[in-house]
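*Asks:* Have a look at this one before I ask anything.
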Amino acid sequence: MTAFETAPLPTGPTPPEPREDALLGGRVRLLQPSAGYRAAIDPVFLAACVDARAGARILDAGAGTGAASLALAVRRPDLTVTGLERNAEALALFRESVIRTGCPERVIPVGADLGEAARTGPGDFDAVMTNPPYTESGSSTSPHPHRSEAHTESAAMPLDRWVRCCLALLRPKGRLYVVFPAARLDALVAACSRATGDLRVFPLWPRAGEPASRVLVCVRKGVRGPAQILPGLVLHEADGAYTAGANRILRDAGALDLRLSGRL
């Protein structure tokens, strides 16, 4: 297990009783705050696109309450996932969710700041997955502090630094997986461009014929390779129901293939 130097996490008032949500057809039992920010489908799609050899070590940077970590561990029981989270309330829920889901040997919640972890931790993870804060600093209007913290870039941790910290924790030629709003794809590509290559972009379209709302992005650390736009996935039918392809991921714990040929 990778050790990080951690400081005591800040605590606030006692939070209200959390709620338990079921992901992946009930395979994941996820505790989340009863009010304010709760994980939606983004972390499930993020976990679905991670591909690695058996026995690989994966880091979930900014894990929140653990949705992506747990979804990956359930889909790939041959991997070990370390979930890094600095918010004390989210971390406590994450730890309990690991127990309820039944995978304490394979999912390791760690309370630490990403910047400090990048400074003190060895860069030896086989892959890093992350759902970074995606709202530009100063533009958040959420009344819920945890939602604002989870979604909004801070002056101390803008997107480009977030990406650099993730790459610092990744082994050479390892892969960084990101889920991000399609409207800010340019900012993400710019943040990744100096130290990575083999860029792959997988669009998620709300409905057929509509612009993509999210993108899944994979890059490799310290390699060169052409950028590729992959076929992507339509999430909803015209009546709002999930498509068969989306249900394969969200309900049946299926994988998303970010390969055109060969193994990632």
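If you're wondering about the labels, chains in the structure tokens are A, B, ... by order shown, residues count from 1 in each chain, ligands from 1 in order shown.
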Pick out the residues sitting within 7 Å of range 177-188 of chain A, and hand them over as a list in words; count only C-alpha atoms, and ignore anything fewer than 4 positions along from it in its own chain.

*Replies:*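 Contacts, with the query itself left out: Asp42, Leu46, Val50, Val128, Met129, Thr130, Asn131, Tyr134, Cys192, Ala212, Ser213, Arg214, Val215, Leu216, Val217, Cys218 and Val219 of chain A.
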
*Asks:* Show me, as a ChimeraX atom specification, the residues that have an atom within 10 Å of Ala61 in chain A when counting only C-alpha atoms, minus same-chain residues fewer than 2 positions from it.

*Replies:* /A:58-59,63-64,68-69,82-86,112-114,117,128-132,162-163,165-166,169,178

*Asks:* Keeping C-alpha atoms for every residue in the selection just given, could you write it to a file as a CSV table (one decimal), in the first residue's frame?

*Replies:*
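What landed in out-v8.csv:
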```csv
chain,number,residue,atom,x,y,z
A,58,ILE,CA,-5.2,2.4,-9.1
A,59,LEU,CA,-5.6,5.8,-7.4
A,63,ALA,CA,-12.6,10.2,-4.4
A,64,GLY,CA,-15.5,11.9,-2.5
A,68,ALA,CA,-15.8,5.5,-8.5
A,69,SER,CA,-13.5,3.5,-6.2
A,82,THR,CA,-6.7,3.7,-3.2
A,83,GLY,CA,-9.2,6.6,-2.8
A,84,LEU,CA,-7.8,9.9,-1.8
A,85,GLU,CA,-10.2,12.4,-0.2
A,86,ARG,CA,-9.5,15.6,1.9
A,112,ALA,CA,-5.1,13.6,2.4
A,113,ASP,CA,-4.9,16.6,0.3
A,114,LEU,CA,-4.0,15.9,-3.4
A,117,ALA,CA,0.0,13.5,-1.6
A,128,VAL,CA,-5.1,7.3,-11.8
A,129,MET,CA,-8.7,8.1,-12.3
A,130,THR,CA,-10.2,11.5,-11.3
A,131,ASN,CA,-13.4,13.6,-11.5
A,132,PRO,CA,-11.8,17.0,-11.0
A,162,TRP,CA,-4.8,19.1,-10.3
A,163,VAL,CA,-3.7,17.3,-13.5
A,165,CYS,CA,-0.5,16.3,-9.1
A,166,CYS,CA,-2.3,13.3,-10.6
A,169,LEU,CA,1.4,10.0,-8.5
A,178,VAL,CA,-10.7,11.8,-16.4
```

*Asks:* Excluding Asp21 in chain A and its own-chain neighbours fewer than 6 positions away, which residues fall within 9 Å of it when counting only C-alpha atoms? Please give them as a ChimeraX atom specification.

*Replies:* /A:28-32

*Asks:* Work out how far apart CA of Pro43 in chain A and CA of Gly66 in chain A are and give it in Å to one decimal.

*Replies:*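 Those two atoms sit 8.7 Å apart.
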
*Asks:* My list of candidates is A:Ala67, A:Leu93, A:Ala47, A:Ala246. Which is closest to Ala22 in chain A when distances are computed with only C-alpha atoms?

*Replies:* A:Ala67

*Asks:* Contacts of range 170-173 of chain A at 7 Å or less, counting only C-alpha atoms, minus same-chain residues fewer than 6 places along, as a list of chain:residue names?

*Replies:*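 Answer for this query is A:Gly123, A:Asp124, A:Phe125, A:Asp126, A:Ala127, A:Val128, A:Arg220, A:Lys221, A:Gly222, A:Val223.
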
*Asks:* Next, write the just-selected residues to a file, as a short mmCIF file (atom, residue, chain, number, x, y, z; two decimals), in the first residue's frame, keeping C-alpha atoms as the atom set.

*Replies:*
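Result went into selection.cif, see below:
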```cif
data_model
loop_
_atom_site.label_atom_id
_atom_site.label_comp_id
_atom_site.auth_asym_id
_atom_site.auth_seq_id
_atom_site.Cartn_x
_atom_site.Cartn_y
_atom_site.Cartn_z
CA GLY A 123 4.69 8.15 -8.16
CA ASP A 124 4.05 4.46 -8.68
CA PHE A 125 0.35 3.96 -9.36
CA ASP A 126 -0.43 2.01 -12.52
CA ALA A 127 -3.40 4.27 -13.29
CA VAL A 128 -5.07 7.33 -11.80
CA ARG A 220 -0.49 8.31 -20.98
CA LYS A 221 2.30 9.83 -18.93
CA GLY A 222 5.53 10.55 -20.74
CA VAL A 223 4.68 9.00 -24.10
#
```

*Asks:* Hey, can you check how far CA of Glu17 in chain A sits from CA of Gly111 in chain A?

*Replies:* 20.9 Å

*Asks:* Of the candidates A:Leu176, A:Leu159, A:Leu79, A:Ala208, which one gets nearest to Tyr242 in chain A if we count only C-alpha atoms?

*Replies:*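 Of A:Leu176, A:Leu159, A:Leu79, A:Ala208, the one nearest Tyr242 in chain A, counting only C-alpha atoms, is A:Ala208.
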
*Asks:* Write out as number ranges by chain all residues of range 66-215 of chain A that backbone DSSP assigns to strand (DSSP E or B).

*Replies:* A: 80-85, 107-111, 125-130, 135, 152, 170-181, 196-207, 214-215

*Asks:* Could you turn the residues from that selection into a file that holds N, CA and C atoms, as a tab-separated table (two decimals), in the first residue's frame?

*Replies:*
```tsv
chain	number	residue	atom	x	y	z
A	80	THR	N	-6.44	-3.26	-6.88
A	80	THR	CA	-6.46	-2.58	-5.58
A	80	THR	C	-6.64	-1.09	-5.84
A	81	VAL	N	-7.62	-0.48	-5.17
A	81	VAL	CA	-7.95	0.92	-5.40
A	81	VAL	C	-7.70	1.72	-4.13
A	82	THR	N	-6.90	2.78	-4.25
A	82	THR	CA	-6.70	3.74	-3.16
A	82	THR	C	-7.50	4.99	-3.48
A	83	GLY	N	-8.39	5.38	-2.57
A	83	GLY	CA	-9.22	6.57	-2.77
A	83	GLY	C	-8.73	7.71	-1.91
A	84	LEU	N	-8.32	8.80	-2.53
A	84	LEU	CA	-7.75	9.95	-1.84
A	84	LEU	C	-8.83	11.03	-1.69
A	85	GLU	N	-9.12	11.44	-0.45
A	85	GLU	CA	-10.16	12.44	-0.22
A	85	GLU	C	-9.79	13.31	0.98
A	107	VAL	N	-10.21	-1.84	-1.38
A	107	VAL	CA	-10.42	-0.40	-1.48
A	107	VAL	C	-9.89	0.25	-0.21
A	108	ILE	N	-8.97	1.21	-0.38
A	108	ILE	CA	-8.27	1.82	0.75
A	108	ILE	C	-8.56	3.32	0.75
A	109	PRO	N	-9.49	3.81	1.58
A	109	PRO	CA	-9.71	5.25	1.68
A	109	PRO	C	-8.57	5.91	2.46
A	110	VAL	N	-8.07	7.02	1.93
A	110	VAL	CA	-6.97	7.75	2.56
A	110	VAL	C	-7.38	9.21	2.69
A	111	GLY	N	-7.24	9.76	3.89
A	111	GLY	CA	-7.54	11.16	4.11
A	111	GLY	C	-6.32	12.02	3.88
A	125	PHE	N	1.63	4.57	-9.04
A	125	PHE	CA	0.35	3.96	-9.36
A	125	PHE	C	0.31	3.58	-10.84
A	126	ASP	N	-0.32	2.47	-11.13
A	126	ASP	CA	-0.43	2.01	-12.52
A	126	ASP	C	-1.41	2.86	-13.32
A	127	ALA	N	-2.43	3.39	-12.65
A	127	ALA	CA	-3.40	4.27	-13.29
A	127	ALA	C	-3.98	5.19	-12.23
A	128	VAL	N	-4.38	6.37	-12.66
A	128	VAL	CA	-5.07	7.33	-11.80
A	128	VAL	C	-6.38	7.69	-12.49
A	129	MET	N	-7.46	7.66	-11.74
A	129	MET	CA	-8.75	8.14	-12.26
A	129	MET	C	-9.20	9.32	-11.42
A	130	THR	N	-9.86	10.28	-12.05
A	130	THR	CA	-10.25	11.48	-11.31
A	130	THR	C	-11.43	12.18	-11.97
A	135	THR	N	-15.91	23.49	-12.28
A	135	THR	CA	-16.42	24.85	-12.41
A	135	THR	C	-15.29	25.82	-12.16
A	152	THR	N	-15.85	23.05	-7.70
A	152	THR	CA	-15.26	24.33	-8.09
A	152	THR	C	-13.75	24.33	-7.89
A	170	LEU	N	1.57	9.02	-10.70
A	170	LEU	CA	1.43	7.97	-11.71
A	170	LEU	C	2.81	7.49	-12.16
A	171	ARG	N	2.96	6.21	-12.37
A	171	ARG	CA	4.24	5.68	-12.86
A	171	ARG	C	4.45	6.10	-14.31
A	172	PRO	N	5.70	6.10	-14.79
A	172	PRO	CA	5.95	6.39	-16.20
A	172	PRO	C	5.15	5.45	-17.11
A	173	LYS	N	4.57	6.01	-18.15
A	173	LYS	CA	3.73	5.31	-19.12
A	173	LYS	C	2.39	4.85	-18.54
A	174	GLY	N	2.12	5.22	-17.29
A	174	GLY	CA	0.81	4.92	-16.72
A	174	GLY	C	-0.27	5.79	-17.33
A	175	ARG	N	-1.52	5.49	-17.02
A	175	ARG	CA	-2.65	6.18	-17.66
A	175	ARG	C	-3.46	6.98	-16.66
A	176	LEU	N	-3.81	8.17	-17.10
A	176	LEU	CA	-4.70	9.05	-16.35
A	176	LEU	C	-6.06	9.04	-17.03
A	177	TYR	N	-7.10	8.74	-16.26
A	177	TYR	CA	-8.48	8.73	-16.76
A	177	TYR	C	-9.25	9.86	-16.09
A	178	VAL	N	-9.98	10.64	-16.89
A	178	VAL	CA	-10.69	11.81	-16.38
A	178	VAL	C	-12.10	11.83	-16.96
A	179	VAL	N	-13.10	12.16	-16.12
A	179	VAL	CA	-14.43	12.50	-16.62
A	179	VAL	C	-14.60	14.00	-16.41
A	180	PHE	N	-15.11	14.69	-17.44
A	180	PHE	CA	-15.09	16.16	-17.42
A	180	PHE	C	-16.20	16.68	-18.33
A	181	PRO	N	-16.69	17.90	-18.06
A	181	PRO	CA	-17.69	18.49	-18.95
A	181	PRO	C	-17.12	18.70	-20.35
A	196	THR	N	1.99	14.43	-21.50
A	196	THR	CA	1.27	13.21	-21.85
A	196	THR	C	1.11	13.09	-23.36
A	197	GLY	N	0.69	11.91	-23.78
A	197	GLY	CA	0.36	11.67	-25.18
A	197	GLY	C	-0.66	10.57	-25.28
A	198	ASP	N	-0.92	10.11	-26.49
A	198	ASP	CA	-1.89	9.04	-26.74
A	198	ASP	C	-3.27	9.42	-26.18
A	199	LEU	N	-3.67	10.66	-26.44
A	199	LEU	CA	-4.94	11.19	-25.94
A	199	LEU	C	-6.12	10.47	-26.59
A	200	ARG	N	-7.06	10.03	-25.77
A	200	ARG	CA	-8.28	9.41	-26.27
A	200	ARG	C	-9.48	10.08	-25.62
A	201	VAL	N	-10.44	10.46	-26.44
A	201	VAL	CA	-11.63	11.18	-25.97
A	201	VAL	C	-12.86	10.35	-26.33
A	202	PHE	N	-13.67	10.05	-25.31
A	202	PHE	CA	-14.88	9.25	-25.48
A	202	PHE	C	-16.07	10.10	-25.08
A	203	PRO	N	-16.86	10.62	-26.04
A	203	PRO	CA	-17.97	11.51	-25.69
A	203	PRO	C	-19.16	10.74	-25.10
A	204	LEU	N	-19.87	11.41	-24.18
A	204	LEU	CA	-21.13	10.91	-23.65
A	204	LEU	C	-22.22	11.88	-24.08
A	205	TRP	N	-23.14	11.42	-24.93
A	205	TRP	CA	-24.20	12.27	-25.44
A	205	TRP	C	-25.49	12.04	-24.66
A	206	PRO	N	-26.16	13.09	-24.19
A	206	PRO	CA	-27.43	12.89	-23.48
A	206	PRO	C	-28.45	12.14	-24.32
A	207	ARG	N	-28.61	12.56	-25.58
A	207	ARG	CA	-29.52	11.91	-26.53
A	207	ARG	C	-28.89	11.97	-27.92
A	214	ARG	N	-20.64	15.25	-21.37
A	214	ARG	CA	-19.44	14.84	-20.67
A	214	ARG	C	-18.50	14.16	-21.66
A	215	VAL	N	-17.22	14.13	-21.30
A	215	VAL	CA	-16.24	13.34	-22.04
A	215	VAL	C	-15.44	12.51	-21.05
```

*Asks:* With only C-alpha atoms as the atoms that count, which of A:Gln228, A:Thr243, A:Asn87, A:Thr101 lies nearest to Ala73 in chain A?

*Replies:*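 Distance minimum relative to Ala73 in chain A lands on A:Thr101.
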
*Asks:* Can you work out which one of A:Ala39, A:Leu91, A:Ala118, A:Ala71 has the shortest atom-to-atom distance to Arg27 in chain A, counting only C-alpha atoms?

*Replies:* A:Ala71

*Asks:* Hey, can you check how far CA of Arg75 in chain A sits from CA of Ala35 in chain A?

*Replies:*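 That distance, rounded to one decimal, is 28.1 Å.
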